[in-house]
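S.K.: Submitted below is the structure of interest, expressed as structure tokens.
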Amino acid sequence: MQEEIDPGAAAQCVAPIQQASGHLGADGPQPDQSDTKRASCHVALILTGMALLLREADVEQLADMATVMDAVEAAMRDLGEGNAQNQPRRRVFPPGGVLNVMFASWPAGGVSGLKTYTVAAGSARFLVVLYDLEGVPLTVIEADHMGAFRTGAATGVAARRLAPPGRKTVAVIGTGSQARTQALALKTGLEIAELRVFGRDPERRARFASAVGATPCESAEDAVRGAEVVVTMTTSGSPVLAAEWLEPGALVVAAGSNYPTRAELPRDLVMSARAVIVDQLETARLESGDLLTAGYDLDSAIELGAVLAGKATVPRGRAPLLFESHGLALWDLAAATTVLAAARTAGLGEEVRLFE
């Protein structure tokens with residue numbers, strides 16, 4: 001019976017695409033099709049066990065920042081409404097490295113899944129595994145590039161919702177690969193008058209600025225003064241800017257640290273913020289070095305999903321506004337749905353048979 005099933009037809013069952021949003025649709029055929037056909041598609045998936053393997057090169061072709069931002073925003077809104085689940089990153093420390101695992105469920109996107117990655121011998125290796133809501137594997141994705149996209153997308157979503165209105169001067173501190181997708185998301189989500197960048201290495205700073213269309217600055221202070229939006233994306237364990245450099249009412253996005261002992265922001269900036277927005281309180285309690293080292297009362301923090309869902313409001317004022325971005329598996333799922341849908345359309349990836 002297994003040999004009689006067309007794997008291509010089975011693949012079509014797992015990837016209906018919502019063209020308007022770019023998101024992966026719910027598992028199975030569209031609602032106007034019969035329950036019998038829905039059941040037969042699910043049987044085909046179980047019998048063939050086909051999933052799509054996507055390599056980094058595929059993701060680099062397929063990832064689209066505007067589409068990923070829309071998916072991340074939709075998923076975060078669902079989290080704020082209680083219609084999605086996210087479990088924070090967990091780490092174990094085998095000899096010679098670190099194993100990280102994080103997972104989530106996004107019913108509106110039709111998926112559950114996980115991201116796992118290792119950091120060892122100077123290298124990081126990322127995988128995202130996506131399942132439909134009945135547990136059928138849909139895809140395995142090499143996810144370094146996609147991870148940078150989803151982190152940038154979350155910053156873009158926060159900035160377009162939280163930043164002051166009008167054309168903005170934006171500063172990015174950091175010149176690594178993650179900073180590059182931060183710049184891309186900010187340019188996608190905001191109307192930017194000037195994009196500035198600072199990194200400690202002058203040559204790398206100049207190359208980065210040329211690549212993203214930014215003004216290279218000689219110091220972090222030069223980048224930050226006069227900017228309405230400031231993003232930090234560094235590996236620094238100590239603060240990379242000073243509170244007195246900030247414009248009144250500026251939005252600060254701290255996206256570089258997800259360890260409780262590392263802080264990119266000084267204590268006085270954290271404690272003077274008119275509000276602290278976090279991606280998830282449970283995650284912030286484990287990972288937010290900026291908040292934990294400052295002694296900030298996390299019970300006072302607001303979740304971004306609650307803001308997007310209209311369940312929380314952000315106070316106005318001249319004090320800075322802070323968004324703490326640590327990284328959620330839910331973002332990986334949201335990004336993966338868009339990449340998988342695009343791969344099905346483009347015919348990219350390799351079908352692999354699982355659970356024979």
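By convention here, the chains of the structure tokens are called A, B, ... in the order presented, each chain's residues are numbered starting at 1, and ligands are numbered starting at 1 in the order presented.
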Name all residues at most 9 Å from Gly249 in chain A (count only C-alpha atoms; drop same-chain ones fewer than 4 positions away) and give them as a PyMOL selection string.
M.R.: chain A and resi 163-164+228+274+316-321
S.K.: If you run DSSP on this backbone, which residues of range 119-290 of chain A come out as helix (DSSP H, G or I), and could you give them as a ChimeraX atom specification?
M.R.: /A:144-162,177-189,202-212,220-224,243-245,267-272,281-287,289-290
S.K.: Residues within 6 Å of Ala223 in chain A, please, as a PDB file with N, CA, C and O atoms, in the first residue's frame. Count only C-alpha atoms; anything in the same chain fewer than 6 positions from it doesn't count.
M.R.:
ATOM      1  N   ALA A 171      20.270  53.893  15.174  1.00  0.00           N
ATOM      2  CA  ALA A 171      21.647  53.492  15.443  1.00  0.00           C
ATOM      3  C   ALA A 171      21.708  52.006  15.750  1.00  0.00           C
ATOM      4  O   ALA A 171      20.899  51.498  16.538  1.00  0.00           O
ATOM      5  N   ARG A 196      22.726  54.606  11.255  1.00  0.00           N
ATOM      6  CA  ARG A 196      24.111  54.717  11.703  1.00  0.00           C
ATOM      7  C   ARG A 196      24.568  53.384  12.276  1.00  0.00           C
ATOM      8  O   ARG A 196      23.760  52.615  12.797  1.00  0.00           O
ATOM      9  N   CYS A 217      30.123  55.264  12.187  1.00  0.00           N
ATOM     10  CA  CYS A 217      30.426  56.258  13.219  1.00  0.00           C
ATOM     11  C   CYS A 217      31.696  55.868  13.957  1.00  0.00           C
ATOM     12  O   CYS A 217      31.986  54.689  14.140  1.00  0.00           O
TER      13      CYS A 217
END
S.K.: Neighbours of range 73-81 of chain A within 8 Å (only C-alpha atoms; same-chain residues fewer than 6 positions away dropped), as a ChimeraX atom specification?
M.R.: /A:106,108-109,154,157,303-309,311,330-331,334
S.K.: Any chance you can output those residues with all heavy atoms as a compact mmCIF listing (two decimals), in the first residue's frame?
M.R.:
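Final output, saved to result.txt:
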# COMPACT_ATOMS: atom_id res chain seq x y z
N TRP A 106 2.27 26.76 17.53
CA TRP A 106 1.52 27.87 16.94
C TRP A 106 0.35 27.30 16.16
O TRP A 106 0.42 27.06 14.97
CB TRP A 106 2.43 28.70 16.03
CG TRP A 106 1.77 29.93 15.48
CD1 TRP A 106 0.75 30.64 16.02
CD2 TRP A 106 2.10 30.58 14.25
NE1 TRP A 106 0.42 31.70 15.23
CE2 TRP A 106 1.23 31.70 14.14
CE3 TRP A 106 3.06 30.34 13.26
CZ2 TRP A 106 1.29 32.56 13.05
CZ3 TRP A 106 3.11 31.21 12.17
CH2 TRP A 106 2.23 32.31 12.07
N ALA A 108 -2.44 28.56 15.00
CA ALA A 108 -2.91 29.33 13.85
C ALA A 108 -2.02 29.14 12.64
O ALA A 108 -2.47 29.25 11.50
CB ALA A 108 -3.01 30.81 14.21
N GLY A 109 -0.75 28.87 12.87
CA GLY A 109 0.17 28.58 11.77
C GLY A 109 0.16 27.13 11.37
O GLY A 109 0.84 26.74 10.41
N ALA A 154 11.95 40.16 14.80
CA ALA A 154 11.34 40.54 16.08
C ALA A 154 11.67 41.99 16.43
O ALA A 154 10.82 42.73 16.94
CB ALA A 154 11.82 39.60 17.19
N VAL A 157 9.50 44.16 14.22
CA VAL A 157 8.12 44.20 14.72
C VAL A 157 8.01 45.13 15.92
O VAL A 157 7.10 45.97 15.99
CB VAL A 157 7.64 42.78 15.09
CG1 VAL A 157 6.33 42.82 15.87
CG2 VAL A 157 7.49 41.92 13.84
N GLU A 303 4.94 42.08 28.38
CA GLU A 303 5.28 41.19 27.26
C GLU A 303 4.86 41.83 25.94
O GLU A 303 3.78 42.42 25.83
CB GLU A 303 4.60 39.83 27.43
CG GLU A 303 5.15 39.03 28.59
CD GLU A 303 4.62 37.61 28.64
OE1 GLU A 303 3.40 37.43 28.38
OE2 GLU A 303 5.40 36.69 28.93
N LEU A 304 5.71 41.68 24.93
CA LEU A 304 5.43 42.24 23.62
C LEU A 304 4.13 41.68 23.05
O LEU A 304 3.34 42.41 22.44
CB LEU A 304 6.58 41.96 22.66
CG LEU A 304 6.40 42.45 21.22
CD1 LEU A 304 6.24 43.96 21.17
CD2 LEU A 304 7.57 42.01 20.34
N GLY A 305 3.89 40.38 23.25
CA GLY A 305 2.66 39.79 22.75
C GLY A 305 1.42 40.45 23.32
O GLY A 305 0.42 40.62 22.61
N ALA A 306 1.47 40.83 24.58
CA ALA A 306 0.33 41.50 25.21
C ALA A 306 0.09 42.87 24.57
O ALA A 306 -1.06 43.29 24.39
CB ALA A 306 0.56 41.63 26.70
N VAL A 307 1.18 43.57 24.22
CA VAL A 307 1.03 44.86 23.55
C VAL A 307 0.41 44.66 22.17
O VAL A 307 -0.52 45.36 21.77
CB VAL A 307 2.40 45.56 23.43
CG1 VAL A 307 2.28 46.86 22.63
CG2 VAL A 307 2.98 45.84 24.82
N LEU A 308 0.91 43.69 21.42
CA LEU A 308 0.39 43.44 20.07
C LEU A 308 -1.06 43.00 20.09
O LEU A 308 -1.82 43.29 19.17
CB LEU A 308 1.25 42.39 19.38
CG LEU A 308 2.71 42.76 19.12
CD1 LEU A 308 3.47 41.57 18.54
CD2 LEU A 308 2.80 43.95 18.18
N ALA A 309 -1.45 42.27 21.14
CA ALA A 309 -2.82 41.78 21.27
C ALA A 309 -3.77 42.82 21.85
O ALA A 309 -4.97 42.56 21.98
CB ALA A 309 -2.85 40.52 22.13
N LYS A 311 -3.70 43.92 24.92
CA LYS A 311 -3.98 43.61 26.32
C LYS A 311 -3.11 44.41 27.28
O LYS A 311 -3.26 44.31 28.50
CB LYS A 311 -3.78 42.11 26.57
CG LYS A 311 -4.78 41.23 25.84
CD LYS A 311 -4.54 39.75 26.11
CE LYS A 311 -5.59 38.89 25.45
NZ LYS A 311 -6.89 38.94 26.12
N LEU A 330 9.07 30.29 19.21
CA LEU A 330 7.89 30.67 18.42
C LEU A 330 8.29 31.48 17.20
O LEU A 330 7.67 31.35 16.13
CB LEU A 330 6.92 31.45 19.30
CG LEU A 330 5.56 31.79 18.71
CD1 LEU A 330 4.79 30.51 18.37
CD2 LEU A 330 4.75 32.67 19.65
N TRP A 331 9.31 32.31 17.33
CA TRP A 331 9.80 33.07 16.17
C TRP A 331 10.39 32.13 15.13
O TRP A 331 10.20 32.35 13.93
CB TRP A 331 10.88 34.06 16.59
CG TRP A 331 10.49 35.05 17.62
CD1 TRP A 331 9.24 35.31 18.12
CD2 TRP A 331 11.37 35.94 18.32
NE1 TRP A 331 9.28 36.29 19.06
CE2 TRP A 331 10.58 36.71 19.21
CE3 TRP A 331 12.74 36.17 18.27
CZ2 TRP A 331 11.15 37.67 20.05
CZ3 TRP A 331 13.30 37.13 19.09
CH2 TRP A 331 12.51 37.88 19.98
N ALA A 334 7.52 30.58 13.28
CA ALA A 334 6.90 31.54 12.37
C ALA A 334 7.75 31.72 11.11
O ALA A 334 7.25 31.69 9.98
CB ALA A 334 6.70 32.87 13.08
S.K.: Which residues are near range 290-294 of chain A? Cut-off 12 Å, only C-alpha atoms, ignore same chain within fewer than 2 positions. Put them as a PyMOL selection string.
M.R.: chain A and resi 232+236-240+253-273+276-278+281+283-288+296-301+322-326
S.K.: Mind giving me the straight-line distance from CA of Pro95 in chain A to CA of Thr118 in chain A in Å, one decimal?
M.R.: 11.8 Å
S.K.: Mind checking DSSP for range 84-211 of chain A and telling me the strand (DSSP E) residues as a ChimeraX atom specification?
M.R.: /A:85-92,97-106,111-120,123-132,137-142,168-173,192-198
S.K.: I need the chosen residues saved as a PDB file, in the first residue's frame, with C-alpha atoms.
M.R.:
ATOM      1  CA  GLN A  85       2.749  28.326  23.501  1.00  0.00           C
ATOM      2  CA  ASN A  86       6.479  28.904  23.915  1.00  0.00           C
ATOM      3  CA  GLN A  87       8.977  27.148  26.147  1.00  0.00           C
ATOM      4  CA  PRO A  88      12.217  29.001  26.962  1.00  0.00           C
ATOM      5  CA  ARG A  89      15.623  27.803  25.869  1.00  0.00           C
ATOM      6  CA  ARG A  90      17.148  25.020  27.957  1.00  0.00           C
ATOM      7  CA  ARG A  91      20.873  24.314  28.031  1.00  0.00           C
ATOM      8  CA  VAL A  92      23.003  21.347  28.982  1.00  0.00           C
ATOM      9  CA  GLY A  97      30.298  22.474  24.310  1.00  0.00           C
ATOM     10  CA  VAL A  98      26.698  23.490  24.916  1.00  0.00           C
ATOM     11  CA  LEU A  99      23.454  21.915  23.694  1.00  0.00           C
ATOM     12  CA  ASN A 100      20.477  24.288  23.435  1.00  0.00           C
ATOM     13  CA  VAL A 101      16.843  23.233  22.906  1.00  0.00           C
ATOM     14  CA  MET A 102      13.732  25.425  22.651  1.00  0.00           C
ATOM     15  CA  PHE A 103      10.231  24.609  21.419  1.00  0.00           C
ATOM     16  CA  ALA A 104       6.790  26.056  20.761  1.00  0.00           C
ATOM     17  CA  SER A 105       3.354  25.495  19.277  1.00  0.00           C
ATOM     18  CA  TRP A 106       1.519  27.873  16.939  1.00  0.00           C
ATOM     19  CA  VAL A 111       2.608  23.877  13.396  1.00  0.00           C
ATOM     20  CA  SER A 112       4.517  22.821  16.469  1.00  0.00           C
ATOM     21  CA  GLY A 113       8.249  22.376  16.547  1.00  0.00           C
ATOM     22  CA  LEU A 114      11.619  22.979  18.050  1.00  0.00           C
ATOM     23  CA  LYS A 115      14.997  24.518  17.482  1.00  0.00           C
ATOM     24  CA  THR A 116      18.118  22.800  18.697  1.00  0.00           C
ATOM     25  CA  TYR A 117      21.695  23.890  18.329  1.00  0.00           C
ATOM     26  CA  THR A 118      25.143  23.109  19.595  1.00  0.00           C
ATOM     27  CA  VAL A 119      27.993  25.472  20.331  1.00  0.00           C
ATOM     28  CA  ALA A 120      31.360  23.715  20.395  1.00  0.00           C
ATOM     29  CA  SER A 123      31.156  26.622  15.782  1.00  0.00           C
ATOM     30  CA  ALA A 124      27.375  26.730  16.152  1.00  0.00           C
ATOM     31  CA  ARG A 125      25.073  24.322  14.306  1.00  0.00           C
ATOM     32  CA  PHE A 126      21.346  25.094  14.157  1.00  0.00           C
ATOM     33  CA  LEU A 127      18.377  22.893  13.217  1.00  0.00           C
ATOM     34  CA  VAL A 128      14.648  23.643  13.219  1.00  0.00           C
ATOM     35  CA  VAL A 129      12.176  20.744  13.051  1.00  0.00           C
ATOM     36  CA  LEU A 130       8.571  21.512  12.148  1.00  0.00           C
ATOM     37  CA  TYR A 131       5.550  19.223  12.701  1.00  0.00           C
ATOM     38  CA  ASP A 132       1.927  19.655  11.791  1.00  0.00           C
ATOM     39  CA  PRO A 137       7.052  15.931  10.410  1.00  0.00           C
ATOM     40  CA  LEU A 138       6.954  18.649   7.773  1.00  0.00           C
ATOM     41  CA  THR A 139      10.503  19.882   7.463  1.00  0.00           C
ATOM     42  CA  VAL A 140      14.009  19.896   8.869  1.00  0.00           C
ATOM     43  CA  ILE A 141      15.818  23.180   8.277  1.00  0.00           C
ATOM     44  CA  GLU A 142      19.449  24.160   8.682  1.00  0.00           C
ATOM     45  CA  LYS A 168      13.774  58.261  12.351  1.00  0.00           C
ATOM     46  CA  THR A 169      17.472  58.256  12.902  1.00  0.00           C
ATOM     47  CA  VAL A 170      18.427  54.708  13.832  1.00  0.00           C
ATOM     48  CA  ALA A 171      21.647  53.492  15.443  1.00  0.00           C
ATOM     49  CA  VAL A 172      22.904  49.903  15.411  1.00  0.00           C
ATOM     50  CA  ILE A 173      25.766  48.938  17.708  1.00  0.00           C
ATOM     51  CA  ILE A 192      14.513  55.873   8.231  1.00  0.00           C
ATOM     52  CA  ALA A 193      16.127  59.261   7.754  1.00  0.00           C
ATOM     53  CA  GLU A 194      19.601  57.951   8.629  1.00  0.00           C
ATOM     54  CA  LEU A 195      20.925  54.549   9.642  1.00  0.00           C
ATOM     55  CA  ARG A 196      24.111  54.717  11.703  1.00  0.00           C
ATOM     56  CA  VAL A 197      26.386  51.911  12.770  1.00  0.00           C
ATOM     57  CA  PHE A 198      29.239  51.470  15.208  1.00  0.00           C
TER      58      PHE A 198
END
S.K.: Can you work out the spacing between CA of Val339 in chain A and CA of Asn83 in chain A in Å, to one decimal?
M.R.: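 Taking CA of Val339 in chain A and CA of Asn83 in chain A, their separation equals 22.2 Å.
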S.K.: At what distance in Å, to one decimal, does CA of Glu191 in chain A lie from CA of Arg167 in chain A?
M.R.: 5.0 Å
S.K.: Nearest residue to Ala183 in chain A out of A:Met233, A:Ala220, A:Met50, A:Gly226, using only C-alpha atoms?
M.R.: A:Met233
S.K.: For each of A:Ala242, A:Leu186, A:Thr345, A:Asp58, take the minimum atom-to-atom distance to Val212 in chain A, counting only C-alpha atoms, then give the residue where this is smallest.
M.R.: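 The answer is A:Leu186, which sits nearest to Val212 in chain A.
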